[in-house]
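Source file: query.txt (compact mmCIF, C-alpha atoms)
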```txt
# COMPACT_ATOMS: atom_id res chain seq x y z
CA MET A 15 -11.07 166.42 150.16
CA ASN A 16 -9.97 162.81 150.38
CA SER A 17 -6.94 161.66 152.35
CA LYS A 18 -4.66 161.52 149.30
CA GLU A 19 -5.49 165.12 148.35
CA LYS A 20 -5.02 166.20 151.95
CA ILE A 21 -1.57 164.56 152.08
CA GLU A 22 -0.60 166.20 148.78
CA SER A 23 -1.81 169.57 150.03
CA ASN A 24 0.13 169.23 153.28
CA SER A 25 3.21 168.13 151.36
CA LEU A 26 2.96 171.15 149.08
CA GLN A 27 2.58 173.46 152.08
CA GLN A 28 5.67 171.93 153.68
CA LYS A 29 7.66 172.37 150.47
CA ASN A 30 6.60 176.02 150.30
CA ILE A 31 7.60 176.61 153.92
CA ILE A 32 10.97 174.92 153.41
CA GLY A 33 11.52 176.84 150.18
CA LYS A 34 10.78 180.16 151.88
CA TRP A 35 13.05 179.30 154.81
CA LEU A 36 15.83 178.28 152.43
CA GLU A 37 15.45 181.50 150.44
CA GLU A 38 15.69 183.56 153.63
CA GLU A 39 18.79 181.65 154.72
CA MET A 40 20.46 182.18 151.33
CA LEU A 41 19.57 185.87 151.42
CA GLU A 42 21.16 186.16 154.85
CA ILE A 43 24.36 184.52 153.62
CA ALA A 44 24.47 186.77 150.55
CA LYS A 45 24.03 189.86 152.73
CA SER A 46 26.75 188.69 155.12
CA LEU A 47 29.13 188.14 152.22
CA ARG A 48 28.45 191.55 150.73
CA THR A 49 28.58 193.41 154.04
CA GLU A 50 31.77 191.76 155.25
CA PHE A 51 33.52 192.15 151.92
CA TYR A 52 32.59 195.79 151.31
CA GLU A 53 32.83 197.02 154.90
CA LEU A 54 35.70 194.92 156.25
CA GLY A 55 37.53 194.00 153.08
CA GLU A 56 37.45 190.32 154.02
CA VAL A 57 34.96 187.55 154.74
CA SER A 58 34.77 185.88 158.15
CA THR A 59 35.59 182.23 158.67
CA GLU A 60 31.99 181.56 159.73
CA THR A 61 30.57 183.07 156.53
CA LYS A 62 33.09 181.15 154.42
CA LYS A 63 32.02 177.95 156.19
CA ARG A 64 28.34 178.69 155.53
CA LEU A 65 29.06 179.46 151.88
CA LYS A 66 31.01 176.23 151.49
CA GLU A 67 28.02 174.28 152.87
CA VAL A 68 25.76 176.04 150.36
CA LEU A 69 28.01 175.30 147.42
CA GLU A 70 28.27 171.62 148.35
CA ASP A 71 24.48 171.12 148.38
CA LYS A 72 22.76 171.22 144.98
CA ASN A 73 19.39 172.52 146.27
CA LYS A 74 21.00 175.22 148.39
CA ARG A 75 23.35 176.18 145.55
CA GLU A 76 20.44 176.60 143.14
CA LYS A 77 18.43 178.65 145.65
CA PHE A 78 21.50 180.79 146.36
CA ALA A 79 21.86 181.48 142.63
CA GLU A 80 18.18 182.49 142.47
CA VAL A 81 18.58 184.85 145.41
CA LEU A 82 21.67 186.45 143.87
CA SER A 83 19.86 186.87 140.54
CA LYS A 84 16.93 188.60 142.25
CA GLU A 85 19.30 190.91 144.09
CA VAL A 86 21.09 191.84 140.87
CA GLU A 87 17.75 192.62 139.21
CA GLU A 88 16.72 194.78 142.17
CA GLU A 89 20.06 196.60 142.16
CA GLU A 90 19.81 197.20 138.41
CA SER A 91 16.28 198.55 138.83
CA PHE A 92 17.44 200.86 141.61
CA ASP A 93 20.47 201.97 139.57
CA GLU A 94 18.22 202.69 136.59
CA PHE A 95 15.83 204.62 138.83
CA MET A 96 18.69 206.72 140.24
CA ILE A 97 20.12 207.41 136.77
CA ASN A 98 16.70 208.54 135.55
CA LEU A 99 16.23 210.69 138.62
CA ILE A 100 19.62 212.36 138.16
CA SER A 101 18.97 212.85 134.45
CA GLU A 102 15.65 214.53 135.18
CA LYS A 103 17.29 216.79 137.73
CA ASP A 104 20.01 217.74 135.22
CA ARG A 105 17.36 218.61 132.62
CA ASP A 106 15.57 220.82 135.12
CA ASN A 107 18.72 222.90 135.75
```
Please re-express this file's structure in structure tokens.
Amino acid sequence: MNSKEKIESNSLQQKNIIGKWLEEEMLEIAKSLRTEFYELGEVSTETKKRLKEVLEDKNKREKFAEVLSKEVEEEESFDEFMINLISEKDRDN
């Protein structure tokens, strides 16, 4: 591997690490929002501040949207699973 390929490989690894870190941060913010809203009925000032920072940064905003989309898909899959499970149980009775 020549030096140019090595630099490109290292750069790609760094991008992947940053992307994973950013995804985890966005997931944490999404969970905080959901938890605070559903459990407390309001969102803390700190979470609002973090959300504002996300919405003002294009890269963070896009990653946040991806994280939310994944969560919605997972919730829909779980909901579908539960509906099917309940339907099967009803048929058995």
- Task: Find the distance between CA of Glu53 in chain A and CA of Glu70 in chain A and write it in Å to one decimal.
- Result: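 So the answer is 26.6 Å.
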Nearby residues (all atoms listed in the file) at most 12 Å from Val57 in chain A, same-chain spacing under 4 positions excluded, as a PDB file with C-alpha atoms, in the coordinates of the input:
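Written out: selection-v5.pdb:
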```pdb
ATOM      1  CA  ILE A  43      24.360 184.520 153.620  1.00  0.00           C
ATOM      2  CA  ALA A  44      24.470 186.770 150.550  1.00  0.00           C
ATOM      3  CA  LYS A  45      24.030 189.860 152.730  1.00  0.00           C
ATOM      4  CA  SER A  46      26.750 188.690 155.120  1.00  0.00           C
ATOM      5  CA  LEU A  47      29.130 188.140 152.220  1.00  0.00           C
ATOM      6  CA  ARG A  48      28.450 191.550 150.730  1.00  0.00           C
ATOM      7  CA  THR A  49      28.580 193.410 154.040  1.00  0.00           C
ATOM      8  CA  GLU A  50      31.770 191.760 155.250  1.00  0.00           C
ATOM      9  CA  PHE A  51      33.520 192.150 151.920  1.00  0.00           C
ATOM     10  CA  TYR A  52      32.590 195.790 151.310  1.00  0.00           C
ATOM     11  CA  GLU A  53      32.830 197.020 154.900  1.00  0.00           C
ATOM     12  CA  THR A  61      30.570 183.070 156.530  1.00  0.00           C
ATOM     13  CA  LYS A  62      33.090 181.150 154.420  1.00  0.00           C
ATOM     14  CA  LYS A  63      32.020 177.950 156.190  1.00  0.00           C
ATOM     15  CA  ARG A  64      28.340 178.690 155.530  1.00  0.00           C
ATOM     16  CA  LEU A  65      29.060 179.460 151.880  1.00  0.00           C
TER      17      LEU A  65
END
```
- Query: At what distance in Å, to one decimal, does CA of Met40 in chain A lie from CA of Leu82 in chain A?
  - Reply: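 Between CA of Leu82 in chain A and CA of Met40 in chain A the gap works out to 8.7 Å.
Straight-line separation from CA of Leu69 in chain A to CA of Val81 in chain A: 13.6 Å.
Among the candidates A:Leu36, A:Ser23, A:Glu60, A:Ser17, the one nearest to Lys74 in chain A when counting all atoms listed in the file is A:Leu36.
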- Item | Who sits within 10 Å of range 30-35 of chain A, only C-alpha atoms, same chain under 5 positions skipped, as number ranges by chain | A: 24-25, 40-41, 73-74, 77
